[in-house]
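Below is the file model-v8.cif, which contains mmCIF, N, CA and C atoms and all ligand atoms.
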data_query
#
loop_
_atom_site.label_atom_id
_atom_site.label_comp_id
_atom_site.auth_asym_id
_atom_site.auth_seq_id
_atom_site.Cartn_x
_atom_site.Cartn_y
_atom_site.Cartn_z
N MET A 1 79.25 -120.85 88.26
CA MET A 1 78.80 -121.93 89.17
C MET A 1 77.32 -121.73 89.50
N THR A 2 76.46 -122.45 88.82
CA THR A 2 75.04 -122.18 88.93
C THR A 2 74.46 -122.61 90.27
N ASP A 3 75.08 -123.57 90.95
CA ASP A 3 74.53 -124.04 92.22
C ASP A 3 75.24 -123.43 93.43
N CYS A 4 76.00 -122.39 93.21
CA CYS A 4 76.74 -121.75 94.32
C CYS A 4 75.93 -120.58 94.85
N ILE A 5 75.59 -120.64 96.14
CA ILE A 5 74.71 -119.62 96.73
C ILE A 5 75.35 -118.23 96.70
N PHE A 6 76.67 -118.16 96.87
CA PHE A 6 77.31 -116.84 96.86
C PHE A 6 77.40 -116.30 95.43
N CYS A 7 77.53 -117.18 94.43
CA CYS A 7 77.46 -116.71 93.04
C CYS A 7 76.08 -116.13 92.73
N LYS A 8 75.05 -116.77 93.31
CA LYS A 8 73.68 -116.26 93.10
C LYS A 8 73.52 -114.88 93.71
N MET A 9 74.20 -114.65 94.83
CA MET A 9 74.16 -113.31 95.43
C MET A 9 74.92 -112.32 94.56
N ALA A 10 76.06 -112.76 94.05
CA ALA A 10 76.87 -111.86 93.22
C ALA A 10 76.14 -111.49 91.93
N SER A 11 75.33 -112.43 91.40
CA SER A 11 74.63 -112.16 90.14
C SER A 11 73.30 -111.45 90.35
N GLY A 12 72.85 -111.39 91.62
CA GLY A 12 71.58 -110.72 91.91
C GLY A 12 70.40 -111.66 91.89
N GLU A 13 70.66 -112.96 91.62
CA GLU A 13 69.55 -113.94 91.62
C GLU A 13 68.95 -114.06 93.02
N ILE A 14 69.80 -113.97 94.03
CA ILE A 14 69.37 -113.87 95.43
C ILE A 14 69.86 -112.52 95.93
N THR A 15 69.00 -111.83 96.69
CA THR A 15 69.39 -110.51 97.18
C THR A 15 69.80 -110.60 98.64
N PRO A 16 71.09 -110.49 98.92
CA PRO A 16 71.53 -110.50 100.31
C PRO A 16 71.38 -109.12 100.94
N ASP A 17 71.70 -109.03 102.22
CA ASP A 17 71.68 -107.76 102.95
C ASP A 17 73.01 -107.05 102.65
N THR A 18 73.07 -106.46 101.45
CA THR A 18 74.33 -105.90 100.94
C THR A 18 74.69 -104.62 101.67
N ILE A 19 75.95 -104.51 102.08
CA ILE A 19 76.39 -103.25 102.68
C ILE A 19 77.57 -102.61 101.96
N TYR A 20 78.15 -103.33 101.01
CA TYR A 20 79.20 -102.73 100.19
C TYR A 20 79.26 -103.51 98.87
N GLU A 21 79.50 -102.78 97.80
CA GLU A 21 79.62 -103.44 96.50
C GLU A 21 80.50 -102.59 95.60
N ASP A 22 81.38 -103.24 94.85
CA ASP A 22 82.07 -102.56 93.76
C ASP A 22 82.16 -103.53 92.59
N ASP A 23 82.99 -103.25 91.61
CA ASP A 23 83.02 -104.09 90.41
C ASP A 23 83.43 -105.53 90.71
N ASP A 24 84.26 -105.71 91.72
CA ASP A 24 84.87 -107.03 91.96
C ASP A 24 84.38 -107.73 93.21
N VAL A 25 83.80 -106.99 94.14
CA VAL A 25 83.57 -107.48 95.50
C VAL A 25 82.17 -107.15 95.97
N LEU A 26 81.61 -108.06 96.78
CA LEU A 26 80.29 -107.83 97.40
C LEU A 26 80.42 -108.14 98.89
N ALA A 27 79.81 -107.32 99.73
CA ALA A 27 79.82 -107.57 101.18
C ALA A 27 78.39 -107.52 101.70
N PHE A 28 78.05 -108.52 102.49
CA PHE A 28 76.68 -108.62 103.02
C PHE A 28 76.72 -109.25 104.41
N ARG A 29 75.64 -109.07 105.16
CA ARG A 29 75.60 -109.58 106.53
C ARG A 29 75.44 -111.10 106.54
N ASP A 30 76.16 -111.74 107.47
CA ASP A 30 76.07 -113.19 107.63
C ASP A 30 74.67 -113.55 108.15
N LEU A 31 74.14 -114.65 107.66
CA LEU A 31 72.81 -115.12 108.06
C LEU A 31 72.77 -115.50 109.54
N HIS A 32 73.88 -116.01 110.06
CA HIS A 32 73.97 -116.44 111.46
C HIS A 32 75.12 -115.71 112.14
N PRO A 33 74.89 -114.44 112.48
CA PRO A 33 75.99 -113.61 112.98
C PRO A 33 76.60 -114.13 114.28
N GLN A 34 77.93 -114.14 114.33
CA GLN A 34 78.67 -114.57 115.52
C GLN A 34 79.16 -113.38 116.33
N ALA A 35 78.80 -112.18 115.91
CA ALA A 35 79.22 -110.95 116.59
C ALA A 35 78.25 -109.86 116.15
N PRO A 36 78.20 -108.73 116.89
CA PRO A 36 77.28 -107.66 116.49
C PRO A 36 77.48 -107.22 115.04
N THR A 37 78.72 -107.15 114.61
CA THR A 37 78.99 -106.98 113.17
C THR A 37 79.59 -108.27 112.66
N HIS A 38 78.91 -108.91 111.71
CA HIS A 38 79.44 -110.12 111.07
C HIS A 38 79.07 -110.02 109.60
N VAL A 39 80.06 -109.65 108.82
CA VAL A 39 79.86 -109.39 107.40
C VAL A 39 80.73 -110.36 106.60
N LEU A 40 80.20 -110.83 105.50
CA LEU A 40 80.98 -111.68 104.58
C LEU A 40 81.37 -110.85 103.37
N VAL A 41 82.63 -110.89 103.02
CA VAL A 41 83.12 -110.18 101.84
C VAL A 41 83.55 -111.23 100.82
N ILE A 42 82.95 -111.18 99.64
CA ILE A 42 83.22 -112.21 98.62
C ILE A 42 83.68 -111.56 97.31
N PRO A 43 84.50 -112.30 96.54
CA PRO A 43 84.74 -111.87 95.17
C PRO A 43 83.49 -112.18 94.34
N LYS A 44 83.13 -111.32 93.41
CA LYS A 44 81.94 -111.60 92.58
C LYS A 44 82.17 -112.81 91.68
N ARG A 45 83.43 -112.99 91.30
CA ARG A 45 83.77 -114.13 90.44
C ARG A 45 84.03 -115.35 91.33
N HIS A 46 83.59 -116.51 90.87
CA HIS A 46 83.71 -117.71 91.70
C HIS A 46 85.16 -118.17 91.85
N VAL A 47 85.59 -118.25 93.10
CA VAL A 47 86.85 -118.90 93.48
C VAL A 47 86.45 -119.80 94.65
N SER A 48 86.75 -121.09 94.58
CA SER A 48 86.21 -122.02 95.58
C SER A 48 86.82 -121.82 96.96
N THR A 49 88.13 -121.80 97.01
CA THR A 49 88.81 -121.70 98.31
C THR A 49 90.06 -120.82 98.16
N LEU A 50 90.65 -120.51 99.28
CA LEU A 50 91.90 -119.74 99.26
C LEU A 50 92.97 -120.50 98.47
N ASN A 51 92.90 -121.83 98.49
CA ASN A 51 93.87 -122.65 97.75
C ASN A 51 93.79 -122.42 96.24
N ASP A 52 92.66 -121.89 95.79
CA ASP A 52 92.45 -121.73 94.35
C ASP A 52 92.86 -120.35 93.83
N LEU A 53 93.34 -119.48 94.73
CA LEU A 53 93.89 -118.21 94.26
C LEU A 53 95.22 -118.49 93.57
N ASP A 54 95.45 -117.84 92.45
CA ASP A 54 96.74 -117.99 91.78
C ASP A 54 97.27 -116.59 91.47
N ALA A 55 98.37 -116.56 90.75
CA ALA A 55 99.00 -115.26 90.50
C ALA A 55 98.03 -114.31 89.80
N ASP A 56 97.20 -114.85 88.90
CA ASP A 56 96.26 -113.99 88.17
C ASP A 56 95.15 -113.44 89.06
N SER A 57 94.74 -114.23 90.05
CA SER A 57 93.60 -113.82 90.88
C SER A 57 94.02 -113.29 92.25
N ALA A 58 95.33 -113.25 92.51
CA ALA A 58 95.81 -112.85 93.83
C ALA A 58 95.38 -111.43 94.20
N GLY A 59 95.20 -110.59 93.19
CA GLY A 59 94.75 -109.22 93.46
C GLY A 59 93.42 -109.17 94.16
N LEU A 60 92.61 -110.23 93.97
CA LEU A 60 91.31 -110.29 94.63
C LEU A 60 91.46 -110.29 96.14
N ALA A 61 92.52 -110.92 96.64
CA ALA A 61 92.73 -111.00 98.09
C ALA A 61 92.89 -109.59 98.67
N GLY A 62 93.65 -108.77 97.98
CA GLY A 62 93.81 -107.39 98.43
C GLY A 62 92.50 -106.63 98.37
N LYS A 63 91.71 -106.90 97.34
CA LYS A 63 90.42 -106.21 97.21
C LYS A 63 89.47 -106.62 98.33
N LEU A 64 89.51 -107.90 98.72
CA LEU A 64 88.67 -108.35 99.84
C LEU A 64 89.07 -107.63 101.12
N LEU A 65 90.38 -107.51 101.35
CA LEU A 65 90.86 -106.86 102.57
C LEU A 65 90.52 -105.37 102.58
N LEU A 66 90.70 -104.72 101.44
CA LEU A 66 90.36 -103.29 101.36
C LEU A 66 88.87 -103.07 101.61
N ALA A 67 88.04 -103.95 101.03
CA ALA A 67 86.59 -103.82 101.23
C ALA A 67 86.25 -104.06 102.71
N ALA A 68 86.92 -105.03 103.34
CA ALA A 68 86.66 -105.31 104.76
C ALA A 68 86.98 -104.08 105.61
N ALA A 69 88.10 -103.45 105.34
CA ALA A 69 88.49 -102.26 106.11
C ALA A 69 87.48 -101.13 105.89
N LYS A 70 86.99 -101.01 104.68
CA LYS A 70 85.99 -99.98 104.36
C LYS A 70 84.69 -100.25 105.12
N VAL A 71 84.26 -101.51 105.11
CA VAL A 71 83.03 -101.88 105.82
C VAL A 71 83.21 -101.66 107.32
N ALA A 72 84.37 -102.02 107.85
CA ALA A 72 84.63 -101.81 109.28
C ALA A 72 84.49 -100.34 109.63
N ASP A 73 85.00 -99.48 108.77
CA ASP A 73 84.88 -98.04 108.99
C ASP A 73 83.42 -97.62 108.97
N ARG A 74 82.68 -98.09 107.98
CA ARG A 74 81.25 -97.75 107.88
C ARG A 74 80.46 -98.25 109.08
N GLU A 75 80.87 -99.40 109.61
CA GLU A 75 80.16 -100.00 110.74
C GLU A 75 80.57 -99.38 112.07
N GLY A 76 81.59 -98.51 112.01
CA GLY A 76 82.04 -97.81 113.22
C GLY A 76 82.89 -98.65 114.15
N ILE A 77 83.55 -99.68 113.61
CA ILE A 77 84.37 -100.56 114.45
C ILE A 77 85.85 -100.52 114.08
N ALA A 78 86.20 -99.62 113.18
CA ALA A 78 87.59 -99.59 112.70
C ALA A 78 88.57 -99.25 113.82
N GLU A 79 88.21 -98.27 114.64
CA GLU A 79 89.14 -97.83 115.68
C GLU A 79 89.21 -98.83 116.82
N GLN A 80 88.09 -99.34 117.26
CA GLN A 80 88.10 -100.28 118.39
C GLN A 80 88.73 -101.61 118.00
N GLY A 81 88.57 -101.98 116.74
CA GLY A 81 89.21 -103.18 116.24
C GLY A 81 88.22 -104.25 115.85
N TYR A 82 88.70 -105.16 115.05
CA TYR A 82 87.84 -106.21 114.50
C TYR A 82 88.73 -107.37 114.05
N ARG A 83 88.10 -108.43 113.62
CA ARG A 83 88.83 -109.62 113.17
C ARG A 83 88.42 -109.96 111.75
N THR A 84 89.38 -110.39 110.95
CA THR A 84 89.06 -110.94 109.63
C THR A 84 89.52 -112.40 109.61
N VAL A 85 88.68 -113.24 109.01
CA VAL A 85 88.95 -114.69 108.99
C VAL A 85 88.61 -115.22 107.60
N ILE A 86 89.49 -116.08 107.08
CA ILE A 86 89.16 -116.86 105.88
C ILE A 86 89.32 -118.33 106.25
N ASN A 87 88.23 -119.06 106.26
CA ASN A 87 88.29 -120.50 106.51
C ASN A 87 88.58 -121.22 105.20
N CYS A 88 89.47 -122.19 105.24
CA CYS A 88 89.82 -122.92 104.01
C CYS A 88 89.61 -124.41 104.19
N ASN A 89 88.70 -124.93 103.39
CA ASN A 89 88.41 -126.37 103.36
C ASN A 89 87.86 -126.87 104.71
N THR A 90 87.56 -128.15 104.76
CA THR A 90 86.74 -128.67 105.85
C THR A 90 87.38 -128.51 107.22
N ALA A 91 88.63 -128.87 107.37
CA ALA A 91 89.26 -128.76 108.69
C ALA A 91 89.42 -127.30 109.10
N GLY A 92 89.42 -126.41 108.13
CA GLY A 92 89.49 -124.98 108.42
C GLY A 92 88.14 -124.37 108.76
N GLY A 93 87.09 -125.19 108.65
CA GLY A 93 85.75 -124.71 109.01
C GLY A 93 84.97 -124.13 107.85
N GLN A 94 85.45 -124.33 106.62
CA GLN A 94 84.73 -123.77 105.46
C GLN A 94 83.50 -124.61 105.15
N THR A 95 82.36 -123.97 105.04
CA THR A 95 81.11 -124.67 104.72
C THR A 95 80.51 -124.20 103.40
N VAL A 96 80.84 -122.99 102.98
CA VAL A 96 80.39 -122.50 101.68
C VAL A 96 81.63 -122.37 100.80
N PHE A 97 81.62 -123.10 99.67
CA PHE A 97 82.84 -123.21 98.87
C PHE A 97 82.87 -122.18 97.75
N HIS A 98 82.75 -120.94 98.18
CA HIS A 98 83.01 -119.75 97.36
C HIS A 98 83.81 -118.86 98.32
N LEU A 99 85.03 -118.54 97.94
CA LEU A 99 85.93 -117.78 98.82
C LEU A 99 85.22 -116.61 99.49
N HIS A 100 85.39 -116.48 100.79
CA HIS A 100 84.80 -115.36 101.51
C HIS A 100 85.63 -115.02 102.73
N LEU A 101 85.60 -113.76 103.06
CA LEU A 101 86.30 -113.25 104.23
C LEU A 101 85.25 -112.85 105.25
N HIS A 102 85.39 -113.35 106.48
CA HIS A 102 84.50 -112.93 107.57
C HIS A 102 85.08 -111.67 108.20
N LEU A 103 84.24 -110.67 108.40
CA LEU A 103 84.60 -109.48 109.18
C LEU A 103 83.76 -109.52 110.44
N LEU A 104 84.43 -109.62 111.58
CA LEU A 104 83.75 -109.78 112.87
C LEU A 104 84.16 -108.66 113.80
N GLY A 105 83.18 -108.06 114.47
CA GLY A 105 83.51 -106.99 115.41
C GLY A 105 82.30 -106.57 116.21
N GLY A 106 82.52 -105.55 117.03
CA GLY A 106 81.44 -105.04 117.88
C GLY A 106 81.43 -105.69 119.25
N ARG A 107 82.35 -106.62 119.48
CA ARG A 107 82.56 -107.21 120.80
C ARG A 107 84.03 -107.62 120.87
N PRO A 108 84.55 -107.83 122.10
CA PRO A 108 85.95 -108.27 122.17
C PRO A 108 86.10 -109.65 121.53
N MET A 109 87.13 -109.79 120.74
CA MET A 109 87.41 -111.07 120.09
C MET A 109 88.45 -111.83 120.92
N HIS A 110 88.19 -113.06 121.18
CA HIS A 110 89.09 -113.85 122.01
C HIS A 110 90.05 -114.65 121.13
N TRP A 111 91.23 -114.89 121.66
CA TRP A 111 92.22 -115.67 120.92
C TRP A 111 92.89 -116.64 121.88
N PRO A 112 93.05 -117.91 121.53
CA PRO A 112 92.69 -118.48 120.25
C PRO A 112 91.19 -118.73 120.15
N PRO A 113 90.65 -118.77 118.91
CA PRO A 113 89.23 -119.09 118.74
C PRO A 113 89.00 -120.56 119.05
N GLY A 114 87.78 -120.93 119.28
CA GLY A 114 87.47 -122.33 119.58
C GLY A 114 87.59 -123.22 118.37
P1 LIG A 201 82.31 -120.64 106.33
O1 LIG A 201 81.94 -121.59 107.44
O2 LIG A 201 82.22 -121.30 104.98
O3 LIG A 201 83.61 -119.93 106.55
O4 LIG A 201 81.24 -119.50 106.39
C1 LIG A 201 80.03 -119.57 105.69
C2 LIG A 201 79.15 -118.50 106.30
O5 LIG A 201 78.10 -118.27 105.40
C3 LIG A 201 78.53 -118.92 107.64
O6 LIG A 201 78.91 -117.99 108.64
C4 LIG A 201 77.03 -118.90 107.36
O7 LIG A 201 76.29 -118.39 108.43
C5 LIG A 201 76.94 -118.00 106.14
N1 LIG A 201 75.84 -118.31 105.26
C6 LIG A 201 75.49 -119.53 104.78
N2 LIG A 201 74.42 -119.42 103.96
C7 LIG A 201 74.12 -118.10 103.93
C8 LIG A 201 73.11 -117.36 103.25
O8 LIG A 201 72.28 -117.90 102.53
N3 LIG A 201 73.07 -116.02 103.45
C9 LIG A 201 74.00 -115.39 104.26
N4 LIG A 201 73.89 -114.06 104.38
N5 LIG A 201 74.96 -116.06 104.90
C10 LIG A 201 75.02 -117.39 104.74
ZN ZN A 202 80.38 -119.17 93.70
#
What does this structure look like when you write it as structure tokens?
Amino acid sequence: MTDCIFCKMASGEITPDTIYEDDDVLAFRDLHPQAPTHVLVIPKRHVSTLNDLDADSAGLAGKLLLAAAKVADREGIAEQGYRTVINCNTAGGQTVFHLHLHLLGGRPMHWPPG
């Protein structure tokens, strides 16, 4: 996907504030943080939304979660706690159509969210 900003980050065409990377996953700080720690964890391969995961790509979901837990540990928020969010499609609040997991922490998270 040549016009996808997160694909450009995954390919290195744009350099994000990367804090974790492996063969399948990239994690970088959100441009407009909603919490002291606000990191986006993305698959390097383009998947538009959670709806587009299938049996072949479902393993990516686990990799996103494992990477999020690793980043939370590195950020020092694993014990106090944090939130992970995946927005799906417009009513779900998704604005960038490359699957991503938000990792939010460093302040108390309220429920339900607004
Ligand atoms: P969504 O609303 O799709 O779940 O989340 C998209 C997130 O991507 C937003 O929190 C937004 O701040 C973040 N974002 C959008 N463009 C960029 C960018 O160019 N760089 C970074 N680091 N984050 C971005
Ligand atoms: Zn993409």
Neighbours of ligand ZN 202 (chain A) at 6.5 Å or closer, counting only N, CA and C atoms and all ligand atoms: which residues, as an mmCIF file with N, CA and C atoms, in the coordinates of the input?
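Done, and the output landed in part.cif:
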data_model
loop_
_atom_site.group_PDB
_atom_site.id
_atom_site.type_symbol
_atom_site.label_atom_id
_atom_site.label_comp_id
_atom_site.auth_asym_id
_atom_site.auth_seq_id
_atom_site.Cartn_x
_atom_site.Cartn_y
_atom_site.Cartn_z
ATOM 1 N N MET A 1 79.250 -120.850 88.260
ATOM 2 C CA MET A 1 78.800 -121.930 89.170
ATOM 3 C C MET A 1 77.320 -121.730 89.500
ATOM 4 N N CYS A 4 76.000 -122.390 93.210
ATOM 5 C CA CYS A 4 76.740 -121.750 94.320
ATOM 6 C C CYS A 4 75.930 -120.580 94.850
ATOM 7 N N ILE A 5 75.590 -120.640 96.140
ATOM 8 C CA ILE A 5 74.710 -119.620 96.730
ATOM 9 C C ILE A 5 75.350 -118.230 96.700
ATOM 10 N N PHE A 6 76.670 -118.160 96.870
ATOM 11 C CA PHE A 6 77.310 -116.840 96.860
ATOM 12 C C PHE A 6 77.400 -116.300 95.430
ATOM 13 N N CYS A 7 77.530 -117.180 94.430
ATOM 14 C CA CYS A 7 77.460 -116.710 93.040
ATOM 15 C C CYS A 7 76.080 -116.130 92.730
ATOM 16 N N LYS A 8 75.050 -116.770 93.310
ATOM 17 C CA LYS A 8 73.680 -116.260 93.100
ATOM 18 C C LYS A 8 73.520 -114.880 93.710
ATOM 19 N N ARG A 45 83.430 -112.990 91.300
ATOM 20 C CA ARG A 45 83.770 -114.130 90.440
ATOM 21 C C ARG A 45 84.030 -115.350 91.330
ATOM 22 N N HIS A 46 83.590 -116.510 90.870
ATOM 23 C CA HIS A 46 83.710 -117.710 91.700
ATOM 24 C C HIS A 46 85.160 -118.170 91.850
ATOM 25 N N VAL A 47 85.590 -118.250 93.100
ATOM 26 C CA VAL A 47 86.850 -118.900 93.480
ATOM 27 C C VAL A 47 86.450 -119.800 94.650
ATOM 28 N N PHE A 97 81.620 -123.100 99.670
ATOM 29 C CA PHE A 97 82.840 -123.210 98.870
ATOM 30 C C PHE A 97 82.870 -122.180 97.750
ATOM 31 N N HIS A 98 82.750 -120.940 98.180
ATOM 32 C CA HIS A 98 83.010 -119.750 97.360
ATOM 33 C C HIS A 98 83.810 -118.860 98.320
ATOM 34 N N LEU A 99 85.030 -118.540 97.940
ATOM 35 C CA LEU A 99 85.930 -117.780 98.820
ATOM 36 C C LEU A 99 85.220 -116.610 99.490
#
Nearby residues (only C-alpha atoms) at most 6 Å from segment 82-93 of chain A, same-chain spacing under 4 positions excluded, as an mmCIF file with N, CA and C atoms, in the frame of the given file:
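around.cif, written as the output of this step:
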data_model
loop_
_atom_site.group_PDB
_atom_site.id
_atom_site.type_symbol
_atom_site.label_atom_id
_atom_site.label_comp_id
_atom_site.auth_asym_id
_atom_site.auth_seq_id
_atom_site.Cartn_x
_atom_site.Cartn_y
_atom_site.Cartn_z
ATOM 1 N N THR A 49 88.130 -121.800 97.010
ATOM 2 C CA THR A 49 88.810 -121.700 98.310
ATOM 3 C C THR A 49 90.060 -120.820 98.160
ATOM 4 N N LEU A 101 85.600 -113.760 103.060
ATOM 5 C CA LEU A 101 86.300 -113.250 104.230
ATOM 6 C C LEU A 101 85.250 -112.850 105.250
ATOM 7 N N HIS A 102 85.390 -113.350 106.480
ATOM 8 C CA HIS A 102 84.500 -112.930 107.570
ATOM 9 C C HIS A 102 85.080 -111.670 108.200
ATOM 10 N N LEU A 103 84.240 -110.670 108.400
ATOM 11 C CA LEU A 103 84.600 -109.480 109.180
ATOM 12 C C LEU A 103 83.760 -109.520 110.440
ATOM 13 N N LEU A 104 84.430 -109.620 111.580
ATOM 14 C CA LEU A 104 83.750 -109.780 112.870
ATOM 15 C C LEU A 104 84.160 -108.660 113.800
ATOM 16 N N GLY A 105 83.180 -108.060 114.470
ATOM 17 C CA GLY A 105 83.510 -106.990 115.410
ATOM 18 C C GLY A 105 82.300 -106.570 116.210
#
Using all atoms listed in the file, which residues have at least one atom no more than 6 Å from ligand LIG 201 (chain A)? Output them as number ranges by chain. A: 16-17, 28-33, 86-87, 93-97
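One finds atom CA of Asp22 of chain A at 15.4 Å from atom N of Gly59 of chain A.
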What is the atom CA of Pro112 of chain A-atom CA of Leu60 of chain A distance in Å, reported with one decimal?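 Atom CA of Leu60 of chain A lies 26.9 Å from atom CA of Pro112 of chain A.
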Can you work out which one of A:Val71, A:Leu64, A:Gly12, A:His110 has the shortest atom-to-atom distance to His38 of chain A, counting only C-alpha atoms? A:Val71
As JSON, numbers by chain, please: all residues of chain A that backbone DSSP puts in helix (DSSP H, G or I). {"A": [5, 6, 7, 8, 9, 10, 11, 50, 51, 52, 59, 60, 61, 62, 63, 64, 65, 66, 67, 68, 69, 70, 71, 72, 73, 74, 75, 90, 91, 92]}
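Picture a line from atom N of Asp23 of chain A to atom N of Ala61 of chain A; it runs 13.2 Å.
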Selection near Ile42 of chain A, 5 Å with all atoms listed in the file, sequence-local residues under 5 positions removed, as a ChimeraX atom specification: /A:25-27,99-100
Counting only N, CA and C atoms, which of A:Gly81, A:Gly76, A:Gly62, A:Gly106 gets nearest to Thr37 of chain A?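 Closest candidate: A:Gly106.
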As a compact mmCIF listing (two decimals) with N, CA and C atoms, in the frame of the given file, which residues of chain A does DSSP assign to strand (DSSP E or B)?
# COMPACT_ATOMS: atom_id res chain seq x y z
N THR A 18 73.07 -106.46 101.45
CA THR A 18 74.33 -105.90 100.94
C THR A 18 74.69 -104.62 101.67
N ILE A 19 75.95 -104.51 102.08
CA ILE A 19 76.39 -103.25 102.68
C ILE A 19 77.57 -102.61 101.96
N TYR A 20 78.15 -103.33 101.01
CA TYR A 20 79.20 -102.73 100.19
C TYR A 20 79.26 -103.51 98.87
N GLU A 21 79.50 -102.78 97.80
CA GLU A 21 79.62 -103.44 96.50
C GLU A 21 80.50 -102.59 95.60
N VAL A 25 83.80 -106.99 94.14
CA VAL A 25 83.57 -107.48 95.50
C VAL A 25 82.17 -107.15 95.97
N LEU A 26 81.61 -108.06 96.78
CA LEU A 26 80.29 -107.83 97.40
C LEU A 26 80.42 -108.14 98.89
N ALA A 27 79.81 -107.32 99.73
CA ALA A 27 79.82 -107.57 101.18
C ALA A 27 78.39 -107.52 101.70
N PHE A 28 78.05 -108.52 102.49
CA PHE A 28 76.68 -108.62 103.02
C PHE A 28 76.72 -109.25 104.41
N ARG A 29 75.64 -109.07 105.16
CA ARG A 29 75.60 -109.58 106.53
C ARG A 29 75.44 -111.10 106.54
N THR A 37 78.72 -107.15 114.61
CA THR A 37 78.99 -106.98 113.17
C THR A 37 79.59 -108.27 112.66
N HIS A 38 78.91 -108.91 111.71
CA HIS A 38 79.44 -110.12 111.07
C HIS A 38 79.07 -110.02 109.60
N VAL A 39 80.06 -109.65 108.82
CA VAL A 39 79.86 -109.39 107.40
C VAL A 39 80.73 -110.36 106.60
N LEU A 40 80.20 -110.83 105.50
CA LEU A 40 80.98 -111.68 104.58
C LEU A 40 81.37 -110.85 103.37
N VAL A 41 82.63 -110.89 103.02
CA VAL A 41 83.12 -110.18 101.84
C VAL A 41 83.55 -111.23 100.82
N ILE A 42 82.95 -111.18 99.64
CA ILE A 42 83.22 -112.21 98.62
C ILE A 42 83.68 -111.56 97.31
N PRO A 43 84.50 -112.30 96.54
CA PRO A 43 84.74 -111.87 95.17
C PRO A 43 83.49 -112.18 94.34
N TYR A 82 88.70 -105.16 115.05
CA TYR A 82 87.84 -106.21 114.50
C TYR A 82 88.73 -107.37 114.05
N ARG A 83 88.10 -108.43 113.62
CA ARG A 83 88.83 -109.62 113.17
C ARG A 83 88.42 -109.96 111.75
N THR A 84 89.38 -110.39 110.95
CA THR A 84 89.06 -110.94 109.63
C THR A 84 89.52 -112.40 109.61
N VAL A 85 88.68 -113.24 109.01
CA VAL A 85 88.95 -114.69 108.99
C VAL A 85 88.61 -115.22 107.60
N LEU A 101 85.60 -113.76 103.06
CA LEU A 101 86.30 -113.25 104.23
C LEU A 101 85.25 -112.85 105.25
N HIS A 102 85.39 -113.35 106.48
CA HIS A 102 84.50 -112.93 107.57
C HIS A 102 85.08 -111.67 108.20
N LEU A 103 84.24 -110.67 108.40
CA LEU A 103 84.60 -109.48 109.18
C LEU A 103 83.76 -109.52 110.44
N LEU A 104 84.43 -109.62 111.58
CA LEU A 104 83.75 -109.78 112.87
C LEU A 104 84.16 -108.66 113.80
N GLY A 105 83.18 -108.06 114.47
CA GLY A 105 83.51 -106.99 115.41
C GLY A 105 82.30 -106.57 116.21
Could you give me the axis-aligned bounding box of segment 50-66 of chain A, with 6 Å of padding per side, as centre plus edge lengths in Å to one decimal, as lines of an AutoDock Vina configuration file?
center_x = 93.8
center_y = -112.9
center_z = 95.4
size_x = 22.3
size_y = 31.6
size_z = 26.4
